Every structure is written in structure tokens, then in C-alpha cells.
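Data from query17.txt: compact mmCIF, C-alpha atoms and all ligand atoms
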```
# COMPACT_ATOMS: atom_id res chain seq x y z
CA MET A 142 -19.77 88.48 173.28
CA THR A 143 -19.26 84.75 172.64
CA THR A 144 -19.96 84.69 168.93
CA ASN A 145 -17.90 86.27 166.21
CA ARG A 146 -19.74 87.82 163.28
CA VAL A 147 -17.66 87.64 160.12
CA PHE A 148 -18.27 88.62 156.51
CA LEU A 149 -17.17 85.89 154.11
CA LEU A 150 -16.32 86.47 150.46
CA GLU A 151 -19.15 84.42 148.97
CA LYS A 152 -19.10 85.40 145.29
CA ARG A 153 -16.59 87.43 143.26
CA PRO A 154 -18.08 90.70 141.94
CA ASP A 155 -18.87 90.54 138.21
CA PRO A 156 -18.17 93.35 138.02
CA ASP A 157 -20.20 95.19 140.70
CA ILE A 158 -20.41 94.34 144.38
CA THR A 159 -23.93 93.02 145.05
CA ASP A 160 -25.83 91.67 148.06
CA GLU A 161 -24.43 88.22 147.22
CA THR A 162 -20.76 89.26 147.28
CA LEU A 163 -20.33 89.09 151.05
CA ARG A 164 -22.25 86.93 153.51
CA LEU A 165 -22.49 87.52 157.25
CA GLU A 166 -21.99 84.41 159.38
CA GLU A 167 -21.71 83.74 163.10
CA ARG A 168 -18.78 81.68 164.32
CA PRO A 169 -17.17 80.97 167.68
CA VAL A 170 -14.64 83.56 168.82
CA PRO A 171 -11.21 82.21 167.76
CA GLU A 172 -8.53 81.14 170.25
CA PRO A 173 -5.17 82.85 169.81
CA ALA A 174 -2.31 80.42 169.08
CA ASP A 175 1.24 80.82 170.38
CA GLY A 176 2.61 84.17 169.18
CA GLU A 177 -0.92 85.47 168.47
CA VAL A 178 -3.28 87.89 170.17
CA LEU A 179 -7.06 88.00 170.12
CA VAL A 180 -8.24 91.42 168.99
CA ARG A 181 -11.70 92.87 169.55
CA ASN A 182 -12.06 94.94 166.38
CA THR A 183 -13.60 98.32 167.12
CA TRP A 184 -13.14 100.15 163.79
CA LEU A 185 -13.02 98.83 160.24
CA SER A 186 -11.51 100.89 157.44
CA LEU A 187 -13.40 100.62 154.14
CA ASP A 188 -11.02 101.17 151.23
CA PRO A 189 -11.43 101.13 147.44
CA THR A 190 -8.75 98.44 147.36
CA ASN A 191 -11.17 96.07 149.15
CA ARG A 192 -12.80 95.74 145.73
CA SER A 193 -9.55 94.72 144.03
CA TRP A 194 -8.84 92.11 146.73
CA MET A 195 -12.14 90.42 145.78
CA ASN A 196 -10.93 89.65 142.25
CA ALA A 197 -9.64 86.19 141.30
CA GLN A 198 -6.38 87.72 140.02
CA ALA A 199 -3.63 88.72 142.44
CA THR A 200 -2.94 92.43 142.84
CA TYR A 201 -0.16 93.52 145.16
CA LEU A 202 -1.68 90.99 147.60
CA PRO A 203 -3.00 87.51 146.86
CA PRO A 204 -6.72 87.24 146.06
CA ILE A 205 -9.02 86.35 148.96
CA PRO A 206 -10.12 82.73 148.49
CA LEU A 207 -13.88 82.27 148.22
CA GLY A 208 -15.42 81.37 151.58
CA HIS A 209 -12.69 83.19 153.52
CA VAL A 210 -13.16 86.15 155.84
CA MET A 211 -13.09 89.42 153.89
CA ARG A 212 -9.73 91.13 154.36
CA GLY A 213 -9.88 94.59 155.92
CA ILE A 214 -7.75 97.03 157.87
CA THR A 215 -8.93 97.44 161.47
CA ALA A 216 -8.23 99.06 164.79
CA GLY A 217 -9.07 97.24 168.00
CA ARG A 218 -8.22 96.19 171.52
CA VAL A 219 -6.21 93.15 172.56
CA VAL A 220 -8.48 90.98 174.72
CA ALA A 221 -6.18 87.96 175.11
CA SER A 222 -2.48 87.68 174.42
CA ARG A 223 -0.05 84.87 173.73
CA PHE A 224 2.52 87.29 172.33
CA GLU A 225 5.04 88.93 174.60
CA GLY A 226 5.09 92.35 172.94
CA LEU A 227 1.37 93.14 173.35
CA GLU A 228 -0.53 93.03 176.63
CA GLU A 229 -4.27 92.74 177.18
CA GLY A 230 -5.87 96.15 176.72
CA ALA A 231 -3.33 97.40 174.15
CA LEU A 232 -4.81 99.28 171.20
CA VAL A 233 -3.57 98.00 167.84
CA SER A 234 -4.16 98.33 164.12
CA GLY A 235 -3.75 95.57 161.55
CA MET A 236 -5.56 93.24 159.18
CA GLY A 237 -8.41 92.23 161.46
CA GLY A 238 -10.83 91.72 158.58
CA PHE A 239 -14.58 92.26 158.34
CA ALA A 240 -15.17 90.65 161.73
CA ASP A 241 -15.89 91.31 165.39
CA TYR A 242 -12.81 89.40 166.54
CA ALA A 243 -9.57 88.21 164.93
CA ALA A 244 -6.71 86.05 166.19
CA LEU A 245 -3.62 87.59 164.61
CA PRO A 246 0.16 87.17 164.87
CA GLY A 247 1.34 89.79 167.35
CA LYS A 248 4.16 90.67 164.96
CA SER A 249 1.71 91.72 162.26
CA LEU A 250 0.11 94.42 164.44
CA THR A 251 1.00 98.05 165.06
CA ARG A 252 0.49 99.46 168.53
CA ILE A 253 -1.63 102.64 168.55
CA PRO A 254 0.15 105.07 170.88
CA ASP A 255 -1.69 106.38 173.98
CA GLY A 256 -3.84 109.37 173.19
CA VAL A 257 -4.12 108.65 169.46
CA ASP A 258 -7.68 108.43 168.15
CA PRO A 259 -8.06 104.95 166.55
CA ARG A 260 -9.88 106.64 163.64
CA ALA A 261 -6.74 108.69 162.96
CA ALA A 262 -4.69 105.47 163.13
CA LEU A 263 -6.80 104.23 160.19
CA SER A 264 -6.51 107.46 158.23
CA VAL A 265 -4.14 110.40 158.55
CA LEU A 266 -1.73 108.60 160.90
CA GLY A 267 -2.12 105.25 159.13
CA HIS A 268 -2.11 103.87 155.60
CA ILE A 269 -3.94 106.87 154.17
CA GLY A 270 -1.51 109.45 155.55
CA LEU A 271 1.48 107.41 154.35
CA THR A 272 -0.08 107.05 150.89
CA ALA A 273 -0.63 110.79 150.58
CA TYR A 274 2.77 111.71 152.03
CA PHE A 275 5.01 109.34 150.07
CA GLY A 276 2.91 109.31 146.92
CA LEU A 277 3.06 113.07 146.65
CA LEU A 278 6.55 113.77 147.96
CA ASP A 279 8.50 110.68 146.90
CA VAL A 280 6.80 109.93 143.60
CA GLY A 281 5.39 113.34 142.60
CA ARG A 282 8.33 115.38 143.94
CA PRO A 283 6.56 118.77 143.95
CA LYS A 284 8.60 121.98 144.08
CA GLU A 285 7.48 125.29 145.54
CA GLY A 286 5.30 127.12 143.03
CA ASP A 287 4.32 123.94 141.15
CA THR A 288 0.71 123.35 140.18
CA VAL A 289 -0.59 120.13 141.75
CA LEU A 290 -3.84 118.63 140.50
CA VAL A 291 -5.52 115.95 142.65
CA SER A 292 -8.47 113.73 141.68
CA ALA A 293 -10.98 112.42 144.25
CA ALA A 294 -9.62 115.40 146.13
CA ALA A 295 -12.30 115.44 148.82
CA GLY A 296 -11.66 111.78 149.67
CA ALA A 297 -9.47 110.48 152.47
CA THR A 298 -6.25 110.36 150.45
CA GLY A 299 -6.86 113.24 148.05
CA SER A 300 -7.75 115.74 150.78
CA LEU A 301 -4.43 115.05 152.54
CA VAL A 302 -2.45 115.20 149.29
CA GLY A 303 -3.82 118.66 148.52
CA GLN A 304 -3.08 119.98 152.00
CA ILE A 305 0.46 118.57 152.01
CA ALA A 306 1.04 120.16 148.61
CA LYS A 307 -0.15 123.52 150.01
CA LEU A 308 2.26 123.09 152.94
CA HIS A 309 5.01 122.76 150.32
CA GLY A 310 4.07 126.04 148.64
CA CYS A 311 2.23 124.61 145.63
CA ARG A 312 -0.84 125.86 143.82
CA VAL A 313 -3.44 123.13 144.36
CA VAL A 314 -6.49 122.23 142.29
CA GLY A 315 -8.83 119.34 143.13
CA THR A 316 -11.60 117.47 141.36
CA ALA A 317 -14.57 116.13 143.29
CA GLY A 318 -18.10 114.94 142.68
CA SER A 319 -20.29 117.56 144.39
CA ASP A 320 -20.49 121.30 145.04
CA GLU A 321 -20.39 120.61 148.77
CA LYS A 322 -17.11 118.69 148.42
CA CYS A 323 -15.64 121.41 146.19
CA ALA A 324 -16.62 124.11 148.70
CA TRP A 325 -14.97 122.09 151.50
CA LEU A 326 -11.75 121.93 149.48
CA THR A 327 -11.53 125.65 148.76
CA ASP A 328 -13.20 127.10 151.90
CA GLU A 329 -11.87 124.76 154.60
CA LEU A 330 -8.74 123.10 153.24
CA GLY A 331 -7.21 126.01 151.33
CA PHE A 332 -7.26 124.51 147.83
CA ASP A 333 -6.85 127.24 145.20
CA ALA A 334 -9.59 125.85 142.96
CA ALA A 335 -11.91 122.86 142.71
CA ILE A 336 -13.73 121.31 139.77
CA ASN A 337 -17.01 119.44 140.18
CA TYR A 338 -16.39 116.83 137.50
CA ARG A 339 -20.02 115.71 137.50
CA LYS A 340 -21.20 119.17 136.45
CA THR A 341 -18.39 119.89 133.99
CA PRO A 342 -19.23 119.09 130.37
CA ASP A 343 -15.63 119.58 129.16
CA LEU A 344 -13.12 118.33 131.73
CA THR A 345 -10.10 119.04 129.54
CA ARG A 346 -11.12 122.66 129.26
CA ALA A 347 -11.98 122.93 132.95
CA VAL A 348 -8.52 121.61 133.93
CA ARG A 349 -6.83 123.94 131.46
CA GLU A 350 -8.70 126.95 132.89
CA ALA A 351 -8.06 125.98 136.51
CA CYS A 352 -4.36 125.29 135.81
CA PRO A 353 -3.25 128.14 133.51
CA LYS A 354 0.44 127.30 134.06
CA ARG A 355 -0.30 123.65 133.31
CA VAL A 356 -0.01 120.69 135.69
CA ASP A 357 3.39 119.88 137.20
CA VAL A 358 2.10 117.02 139.37
CA PHE A 359 -1.12 115.11 138.81
CA PHE A 360 -1.94 112.89 141.79
CA ASP A 361 -4.47 110.49 140.34
CA ASN A 362 -6.92 108.47 142.40
CA VAL A 363 -9.51 108.05 139.67
CA GLY A 364 -8.19 107.30 136.14
CA GLY A 365 -10.46 107.45 133.09
CA ALA A 366 -11.58 110.83 131.75
CA ILE A 367 -9.82 112.92 134.41
CA LEU A 368 -6.51 111.22 133.65
CA ASP A 369 -6.88 112.12 129.99
CA ALA A 370 -7.80 115.70 130.86
CA ALA A 371 -4.78 116.04 133.13
CA LEU A 372 -2.42 114.58 130.53
CA ALA A 373 -3.70 117.18 128.07
CA SER A 374 -2.50 119.91 130.46
CA LEU A 375 0.77 118.33 131.59
CA ALA A 376 3.63 120.79 132.06
CA MET A 377 7.16 120.14 130.78
CA ARG A 378 8.71 117.39 132.94
CA GLY A 379 5.29 116.87 134.55
CA ARG A 380 4.77 113.89 136.87
CA VAL A 381 1.65 111.72 136.98
CA VAL A 382 1.39 109.82 140.26
CA VAL A 383 -0.78 106.75 139.76
CA CYS A 384 -2.15 106.20 143.25
CA GLY A 385 -5.32 104.47 142.08
CA GLY A 386 -8.05 104.43 139.46
CA ILE A 387 -11.36 104.06 141.24
CA SER A 388 -13.38 104.84 138.08
CA GLN A 389 -12.01 101.57 136.64
CA TYR A 390 -12.28 99.22 139.64
CA ASN A 391 -15.73 97.96 138.62
CA ALA A 392 -14.99 97.96 134.89
CA LYS A 393 -14.90 94.63 133.04
CA LYS A 394 -12.25 96.13 130.79
CA VAL A 395 -10.03 98.89 132.16
CA ALA A 396 -9.96 101.97 129.93
CA GLY A 397 -6.38 103.16 129.42
CA PRO A 398 -5.45 106.79 128.87
CA SER A 399 -5.88 107.82 125.25
CA ASN A 400 -3.75 110.93 125.80
CA TYR A 401 -0.61 109.09 126.88
CA LEU A 402 1.49 110.56 124.07
CA ALA A 403 1.31 113.85 125.97
CA LEU A 404 4.05 112.26 128.11
CA VAL A 405 6.36 112.31 125.08
CA VAL A 406 5.71 115.97 124.31
CA ALA A 407 6.08 117.00 127.96
CA ARG A 408 9.04 114.66 128.60
CA GLY A 409 6.80 113.53 131.44
CA ARG A 410 6.79 110.65 133.86
CA MET A 411 3.90 108.46 135.00
CA GLU A 412 4.60 106.22 137.97
CA GLY A 413 2.56 103.97 140.20
CA PHE A 414 3.33 103.06 143.79
CA VAL A 415 1.97 100.91 146.64
CA VAL A 416 1.99 102.26 150.16
CA LEU A 417 3.11 98.89 151.58
CA ASP A 418 6.58 99.53 150.15
CA TYR A 419 6.85 102.61 152.36
CA LEU A 420 5.94 100.97 155.69
CA PRO A 421 9.63 100.73 156.72
CA ARG A 422 9.75 104.54 156.35
CA ALA A 423 6.53 105.20 158.30
CA ASN A 424 8.31 107.16 161.06
CA GLU A 425 9.65 109.61 158.49
CA ALA A 426 6.10 110.47 157.41
CA LEU A 427 4.75 110.52 160.97
CA ALA A 428 7.47 112.99 162.00
CA ALA A 429 5.82 115.46 159.62
CA LEU A 430 2.16 114.38 159.81
CA VAL A 431 1.85 114.47 163.63
CA PRO A 432 2.98 118.10 164.07
CA TRP A 433 0.89 119.24 161.08
CA LEU A 434 -2.11 117.57 162.65
CA GLN A 435 -1.39 118.99 166.11
CA ARG A 436 -1.04 122.49 164.69
CA GLY A 437 -4.33 122.17 162.81
CA GLU A 438 -2.54 122.40 159.46
CA LEU A 439 -3.98 119.09 158.30
CA LYS A 440 -7.71 118.61 158.51
CA SER A 441 -9.65 115.47 157.84
CA ARG A 442 -13.17 114.27 158.29
CA TYR A 443 -14.59 110.86 159.05
CA HIS A 444 -17.66 109.27 157.51
CA VAL A 445 -18.78 106.74 160.11
CA VAL A 446 -21.23 103.91 159.44
CA GLU A 447 -22.54 102.21 162.59
CA GLY A 448 -22.47 98.42 162.92
CA LEU A 449 -20.41 95.66 161.33
CA GLU A 450 -23.60 94.31 159.75
CA ASN A 451 -23.66 97.43 157.52
CA ALA A 452 -20.07 97.09 156.29
CA ALA A 453 -20.91 95.31 153.02
CA SER A 454 -23.51 97.83 151.89
CA ALA A 455 -21.38 100.77 153.06
CA LEU A 456 -18.57 99.74 150.68
CA GLN A 457 -20.75 100.99 147.83
CA LEU A 458 -20.48 104.56 149.14
CA LEU A 459 -16.88 104.68 147.90
CA PHE A 460 -17.92 103.93 144.33
CA GLU A 461 -20.91 106.30 144.39
CA GLY A 462 -19.05 109.20 145.99
CA GLY A 463 -21.36 108.92 148.99
CA ASN A 464 -18.55 109.16 151.55
CA GLN A 465 -17.56 112.51 152.95
CA GLY A 466 -14.08 111.84 154.22
CA LYS A 467 -12.46 108.64 155.45
CA LEU A 468 -15.05 105.85 155.38
CA LEU A 469 -15.06 103.82 158.60
CA VAL A 470 -17.34 101.28 160.23
CA ALA A 471 -17.82 101.57 163.99
CA ILE A 472 -17.94 97.89 164.99
CA GLU A 473 -18.26 98.20 168.74
CA SER A 474 -20.70 100.84 169.97
N1 LIG B 501 -1.37 103.17 145.85
C1 LIG B 501 -1.67 102.95 147.11
O1 LIG B 501 -0.88 102.41 147.87
C2 LIG B 501 -3.00 103.39 147.64
C3 LIG B 501 -3.27 103.39 149.00
C4 LIG B 501 -4.52 103.85 149.45
C5 LIG B 501 -5.46 104.27 148.52
N2 LIG B 501 -5.16 104.21 147.19
C6 LIG B 501 -6.12 104.68 146.19
O2 LIG B 501 -6.44 106.02 146.48
C7 LIG B 501 -7.72 106.32 145.95
C8 LIG B 501 -8.56 107.00 147.02
O3 LIG B 501 -8.79 106.09 148.07
P1 LIG B 501 -9.43 106.58 149.45
O4 LIG B 501 -9.34 105.45 150.39
O5 LIG B 501 -8.85 107.88 149.83
O6 LIG B 501 -10.97 106.75 149.07
P2 LIG B 501 -11.82 108.09 149.05
O7 LIG B 501 -11.14 109.04 148.10
O8 LIG B 501 -12.10 108.55 150.43
O9 LIG B 501 -13.18 107.59 148.41
C9 LIG B 501 -13.28 107.28 147.06
C10 LIG B 501 -13.80 108.49 146.26
O10 LIG B 501 -13.56 108.27 144.89
C11 LIG B 501 -14.46 109.05 144.14
N3 LIG B 501 -15.00 108.25 143.02
C12 LIG B 501 -15.63 107.05 143.09
N4 LIG B 501 -15.98 106.62 141.85
C13 LIG B 501 -15.55 107.59 140.99
C14 LIG B 501 -15.62 107.75 139.58
N5 LIG B 501 -16.19 106.81 138.79
N6 LIG B 501 -15.11 108.87 139.03
C15 LIG B 501 -14.53 109.82 139.82
N7 LIG B 501 -14.45 109.73 141.16
C16 LIG B 501 -14.94 108.63 141.73
C17 LIG B 501 -15.61 109.46 145.07
O11 LIG B 501 -15.51 110.85 145.31
P3 LIG B 501 -16.31 111.94 144.38
O12 LIG B 501 -17.52 112.33 145.15
O13 LIG B 501 -15.32 113.01 144.22
O14 LIG B 501 -16.67 111.22 143.11
C18 LIG B 501 -15.30 108.69 146.35
O15 LIG B 501 -15.67 109.41 147.49
C19 LIG B 501 -8.28 105.02 145.41
O16 LIG B 501 -8.03 104.95 144.03
C20 LIG B 501 -7.46 103.98 146.15
O17 LIG B 501 -7.41 102.74 145.47
C21 LIG B 501 -3.96 103.77 146.74
```

Rewrite the coordinates I just gave you, this time as C-alpha cells.
Amino acid sequence: MTTNRVFLLEKRPDPDITDETLRLEERPVPEPADGEVLVRNTWLSLDPTNRSWMNAQATYLPPIPLGHVMRGITAGRVVASRFEGLEEGALVSGMGGFADYAALPGKSLTRIPDGVDPRAALSVLGHIGLTAYFGLLDVGRPKEGDTVLVSAAAGATGSLVGQIAKLHGCRVVGTAGSDEKCAWLTDELGFDAAINYRKTPDLTRAVREACPKRVDVFFDNVGGAILDAALASLAMRGRVVVCGGISQYNAKKVAGPSNYLALVVARGRMEGFVVLDYLPRANEALAALVPWLQRGELKSRYHVVEGLENAASALQLLFEGGNQGKLLVAIES
């Protein structure tokens, strides 16, 4: 291929992503500079945080300037190298963006070890696995016998959090947006209970019934009504792990928890975290995740959308609950 298809951030969402947000353009394939490699992106990870990167305000990363290539986490193959540590043919993951090709500093890339599925490198053995592992264990600090509640539990992160909590002897309850997802959690992943929040008229009551000993750790991916319901059932010294708040990412005004005073009564703790801070400790997580995966104790599923050209529309799946598992775009067929 001699041309490079790239998605540019054309218009900031206000607040929803529309057809005008990203624009596909053809450019020449870039030349790697000294210290860079040219990567043929093969897989693109679609993440809820892509939406926050589109905003004009900085998050934990600077905003993407309008007209620039949309930032995205990718796996791919080195096709030309001007960096000593990575040879042509090496499989790597990094910030390749919504593009066929990217010229990237060799230092910014992670080599995918031989035999590792690149899809796993973008999920359970990549940023998603580290998020679940450190968010639950470092921030949530579950103890054996604790009740752990997870929102967006059938998603990429939530499904791993629940399984890791089970491996630590916890009672695990998840919330998800369909009966099929709830059945997957209880029948395949070993969750003790699952709540279909879309069918539940009274979430506070549903959480209370599913967590009769109250909630020791709430791993929150969603925010909004589920956060309030969880706070209402917080156990003494309960921990709320703020991993994300996808229900608020498209909101013009973020709705805060109205039940936050439950933290006073429970002497509780609510703490956010960003997985980037844990990258220096990645090997610690992988030392646990790899054997769990090899022994079949951690299961995950991939939701694959074919073709880079479909990446922009596929992003919507995350906000509609249309993804069943880690959402990925297969760029190279
Ligand atoms: N802190 C960090 O460093 C870090 C790192 C990675 C990810 N995250 C966060 O982790 C969360 C999950 O990310 P992921 O990549 O694993 O995505 P995911 O869970 O695979 O997909 C997102 C899911 O969120 C649910 N959802 C969407 N809108 C919702 C709403 N309004 N109310 C309730 N549920 C809703 C949908 O599932 P249902 O069908 O169940 O509705 C959807 O499938 C996000 O909040 C993300 O920002 C944080």
C-alpha cells in the first residue's frame, strides 16, 4: 500500500460524536526519522477515553488539536526501522492512531512477545488488563470474603475486574445492559450475581438485594445512577474505585453523585486512578495475568469490527452498549 488512510479530528463533539467528528483522508505513507520506526497498524483499540481526548480541555493527556490524526492505541508490525531496538517484522503496540501507518519513536513502543495474540496485547495483556489489575488490587484493595460490585461488568475492563476479584476469594456482583451480558457474567465468568440495569426500575434496591452484606469495593466504570446506588449500599470502610464514568462522557454537564455523604457514614474512600501511572509496574501485573490466562482462569471476548474505514462509526458501540467484549478494529485483513 502506498497511501495511508488516516482519520483526522475534524470537529469536537458537542456533545455526541457525529459523522462530522472524524474525517477519513488519504496521505502518503510517512517516512520514519532517526530513532523512529514505520509501523503497519493491524489492530486499533477503541476505548471510551477516545471520546475524552476529543474535548478541547486537557484530561490526563493533552487534547488532540483539530485537524490532527485521531489518537488511538494500536498493535502492528514494523515495516521499516531507524531505531536500533526494533527490527523489521517486530510486532509492537503503541499510539499508532486511527491510521494504516504511523512513524513513531521506537522508544515509545512495546514489543509484543512471540506467540502473544496482538488482540490480547490490546486487552488483557495490555492497558485493559493493567487497569483491571491495579485498579482493583492497588486502589480497591479487596480482602477475601469482601463483596465487590463492578459496573459495565461485561465490558473489557469490568469483566476482568470481576474475575480477578473472584480469584481473590470475593463475592462478585456486576451490572450490565442486557440479559445476554448478565448471563455471560454468571454462567461463563463465575460472577455470583448480575443486574441488568436497563430492566431494573429501582437500582438502589437491586444493589441492596444483590449485596446483602453491603459493598466493600465498588469498581465504577459508569458513574451516574449506578454510582449513587452503590454509595447507598457501601459497607463500613468501603472503597469506591473511580475507573471511569462512561454515562457522563457525552454529557454537557457531568452529574455528580448525590449520595456522596454515604462516604461519611461508612468512613469510606473514593479514589480515582489512571493506568498510565502503573506502566512502570506492568511486569508485576503480567506475572499474575499471564498464568491466569494460560490456565483458563481469565476469560475475555473480542468484538471485532472489520476495516479502518468503520472505526469512527464503531466508536458509538461503546456508548450504546453494542460491544460484547473488547472493541477492536481489524485494520489489515
Ligand atoms: N482509569 C483508567 O486508567 C482507565 C483505563 C481504561 C478504561 N477506563 C474506563 O473503564 C471503563 C470501561 O472501559 P472499557 O474500555 O472496558 O469499555 P467497555 O466496558 O468494554 O465498553 C463500555 C461499556 O460501557 C457501558 N455503557 C455505555 N454507556 C453506558 C451508560 N450510559 N450507562 C451504563 N453503562 C454504559 C456499555 O455496556 P452495557 O451494555 O453494560 O451498558 C459498554 O459496553 C470506561 O469508563 C473507561 O473510561 C479507565

Per residue of segment 229-307 of chain A within 12 Å of segment 387-403 of chain A, which atom pair is closest and at what distance in Å (one decimal), using all atoms listed in the file, listed by chain and increasing number, as a Markdown table?
```
| residue | atom | partner | partner_atom | distance |
| --- | --- | --- | --- | --- |
| A:Ser292 | CA | A:Ile387 | CA | 10.1 |
| A:Ala293 | CA | A:Ile387 | CA | 8.9 |
| A:Gly296 | CA | A:Ile387 | CA | 11.4 |
```

Go ahead and write the residues just picked, C-alpha atoms, as a compact mmCIF listing (two decimals), in the frame of the given file.
```
# COMPACT_ATOMS: atom_id res chain seq x y z
CA SER A 292 -8.47 113.73 141.68
CA ALA A 293 -10.98 112.42 144.25
CA GLY A 296 -11.66 111.78 149.67
```

To one decimal in Å, tell me the separation between atom CA of Ala317 of chain A and atom CA of Asn337 of chain A.
-> 5.2 Å

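Among the candidate residues A:Val470, A:Cys384, A:Ala324, A:Ala221, the one lying nearest to ligand LIG 501 (chain B) is A:Cys384, with distances computed using all atoms listed in the file.
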
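Ranking A:Ile367, A:Ser186, A:Glu350, A:Val280 by their shortest atom-to-atom distance to Thr316 of chain A, with only C-alpha atoms included, puts A:Ile367 first.
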
Atom pair atom CA of Val383 of chain A / atom CA of Glu412 of chain A: separation (Å) = 5.7 Å

Kindly provide the residues of chain A that approach ligand LIG 501 (chain B) to within 7 Å, each paired with its closest atom pair and their distance in Å to one decimal, based on all atoms listed in the file, listed by chain and increasing number, as CSV.
```
residue,atom,partner,partner_atom,distance
A:Asp188,CA,B:LIG501,O4,4.7
A:Pro189,CA,B:LIG501,O17,4.8
A:Thr190,CA,B:LIG501,O17,4.9
A:His268,CA,B:LIG501,C4,6.6
A:Ile269,CA,B:LIG501,C4,5.6
A:Thr272,CA,B:LIG501,C3,5.2
A:Ala293,CA,B:LIG501,O13,4.4
A:Ala294,CA,B:LIG501,O13,6.5
A:Ala295,CA,B:LIG501,O13,6.0
A:Gly296,CA,B:LIG501,O7,3.2
A:Ala297,CA,B:LIG501,O5,3.8
A:Thr298,CA,B:LIG501,O5,3.6
A:Gly299,CA,B:LIG501,O5,6.0
A:Thr316,CA,B:LIG501,O13,6.5
A:Ala317,CA,B:LIG501,O13,3.3
A:Gly318,CA,B:LIG501,O12,3.6
A:Ser319,CA,B:LIG501,O12,6.0
A:Asn362,CA,B:LIG501,O16,4.0
A:Val363,CA,B:LIG501,C15,5.3
A:Cys384,CA,B:LIG501,N1,4.1
A:Gly385,CA,B:LIG501,O16,3.4
A:Gly386,CA,B:LIG501,O16,4.6
A:Ile387,CA,B:LIG501,O16,4.4
A:Ser388,CA,B:LIG501,N5,3.5
A:Gly413,CA,B:LIG501,N1,6.9
A:Phe414,CA,B:LIG501,N1,5.1
A:Val415,CA,B:LIG501,O1,3.4
A:Val416,CA,B:LIG501,O1,3.7
A:Leu417,CA,B:LIG501,O1,6.5
A:Leu459,CA,B:LIG501,C9,4.5
A:Phe460,CA,B:LIG501,C12,4.1
A:Glu461,CA,B:LIG501,C12,5.5
A:Gly462,CA,B:LIG501,C17,3.6
A:Gly463,CA,B:LIG501,O15,5.9
A:Asn464,CA,B:LIG501,O15,5.0
A:Gln465,CA,B:LIG501,O15,6.6
A:Gly466,CA,B:LIG501,O8,5.4
A:Lys467,CA,B:LIG501,O8,5.0
A:Leu468,CA,B:LIG501,O8,6.4
```

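The space between atom CA of Leu277 of chain A and atom CA of Val358 of chain A spans 8.3 Å.
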
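For the set A:Leu207, A:Ala244, A:Leu185, A:Ala335, the residue with the smallest atom-to-atom gap to Glu172 of chain A is A:Ala244, counting all atoms listed in the file.
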
Quick one: everything within 8 Å of Cys352 of chain A, counting all atoms listed in the file, minus sequence neighbours fewer than 4 positions away in the same chain. Send it as a PyMOL selection string.
-> chain A and resi 288+314+348+356+374

Could you save those same residues with C-alpha atoms as a PDB file, keeping the file's coordinate frame?
```pdb
ATOM      1  CA  THR A 288       0.710 123.350 140.180  1.00  0.00           C
ATOM      2  CA  VAL A 314      -6.490 122.230 142.290  1.00  0.00           C
ATOM      3  CA  VAL A 348      -8.520 121.610 133.930  1.00  0.00           C
ATOM      4  CA  VAL A 356      -0.010 120.690 135.690  1.00  0.00           C
ATOM      5  CA  SER A 374      -2.500 119.910 130.460  1.00  0.00           C
TER       6      SER A 374
END
```

Neighbour list for Asn182 of chain A as a PDB file with C-alpha atoms, in the frame of the given file, cut-off 7 Å, all atoms listed in the file, skip fewer than 6 positions in-chain:
```pdb
ATOM      1  CA  THR A 215      -8.930  97.440 161.470  1.00  0.00           C
ATOM      2  CA  ALA A 216      -8.230  99.060 164.790  1.00  0.00           C
ATOM      3  CA  GLY A 217      -9.070  97.240 168.000  1.00  0.00           C
ATOM      4  CA  ARG A 218      -8.220  96.190 171.520  1.00  0.00           C
ATOM      5  CA  GLY A 237      -8.410  92.230 161.460  1.00  0.00           C
ATOM      6  CA  ASP A 241     -15.890  91.310 165.390  1.00  0.00           C
ATOM      7  CA  TYR A 242     -12.810  89.400 166.540  1.00  0.00           C
ATOM      8  CA  ILE A 472     -17.940  97.890 164.990  1.00  0.00           C
TER       9      ILE A 472
END
```

Quick one: everything within 9 Å of Gly247 of chain A, counting all atoms listed in the file, minus sequence neighbours fewer than 3 positions away in the same chain. Send it as a list in words.
-> Gly176, Glu177, Val178, Ser222, Arg223, Phe224, Glu225, Gly226, Leu227, Ala244, Leu250 and Thr251 of chain A

Using all atoms listed in the file, find the one residue out of A:Ala452, A:Val406, A:Lys322, A:Val445 that sits nearest to Met211 of chain A.
-> A:Ala452

For Val219 of chain A, find every residue with an atom within 8 Å (counting only C-alpha atoms), except residues of its own chain fewer than 3 positions away, and show them as a short mmCIF file (atom, residue, chain, number, x, y, z; two decimals) with C-alpha atoms, keeping the file's coordinate frame.
```
data_model
loop_
_atom_site.label_atom_id
_atom_site.label_comp_id
_atom_site.auth_asym_id
_atom_site.auth_seq_id
_atom_site.Cartn_x
_atom_site.Cartn_y
_atom_site.Cartn_z
CA VAL A 178 -3.28 87.89 170.17
CA LEU A 179 -7.06 88.00 170.12
CA VAL A 180 -8.24 91.42 168.99
CA ARG A 181 -11.70 92.87 169.55
CA SER A 222 -2.48 87.68 174.42
CA LEU A 227 1.37 93.14 173.35
CA GLU A 228 -0.53 93.03 176.63
CA GLU A 229 -4.27 92.74 177.18
CA GLY A 230 -5.87 96.15 176.72
CA ALA A 231 -3.33 97.40 174.15
CA LEU A 232 -4.81 99.28 171.20
CA VAL A 233 -3.57 98.00 167.84
#
```

Which one of A:Gly208, A:Gly281, A:Arg410, A:Thr143 sits closest to Arg164 of chain A if you count all atoms listed in the file?
->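 Nearest to Arg164 of chain A: A:Gly208.
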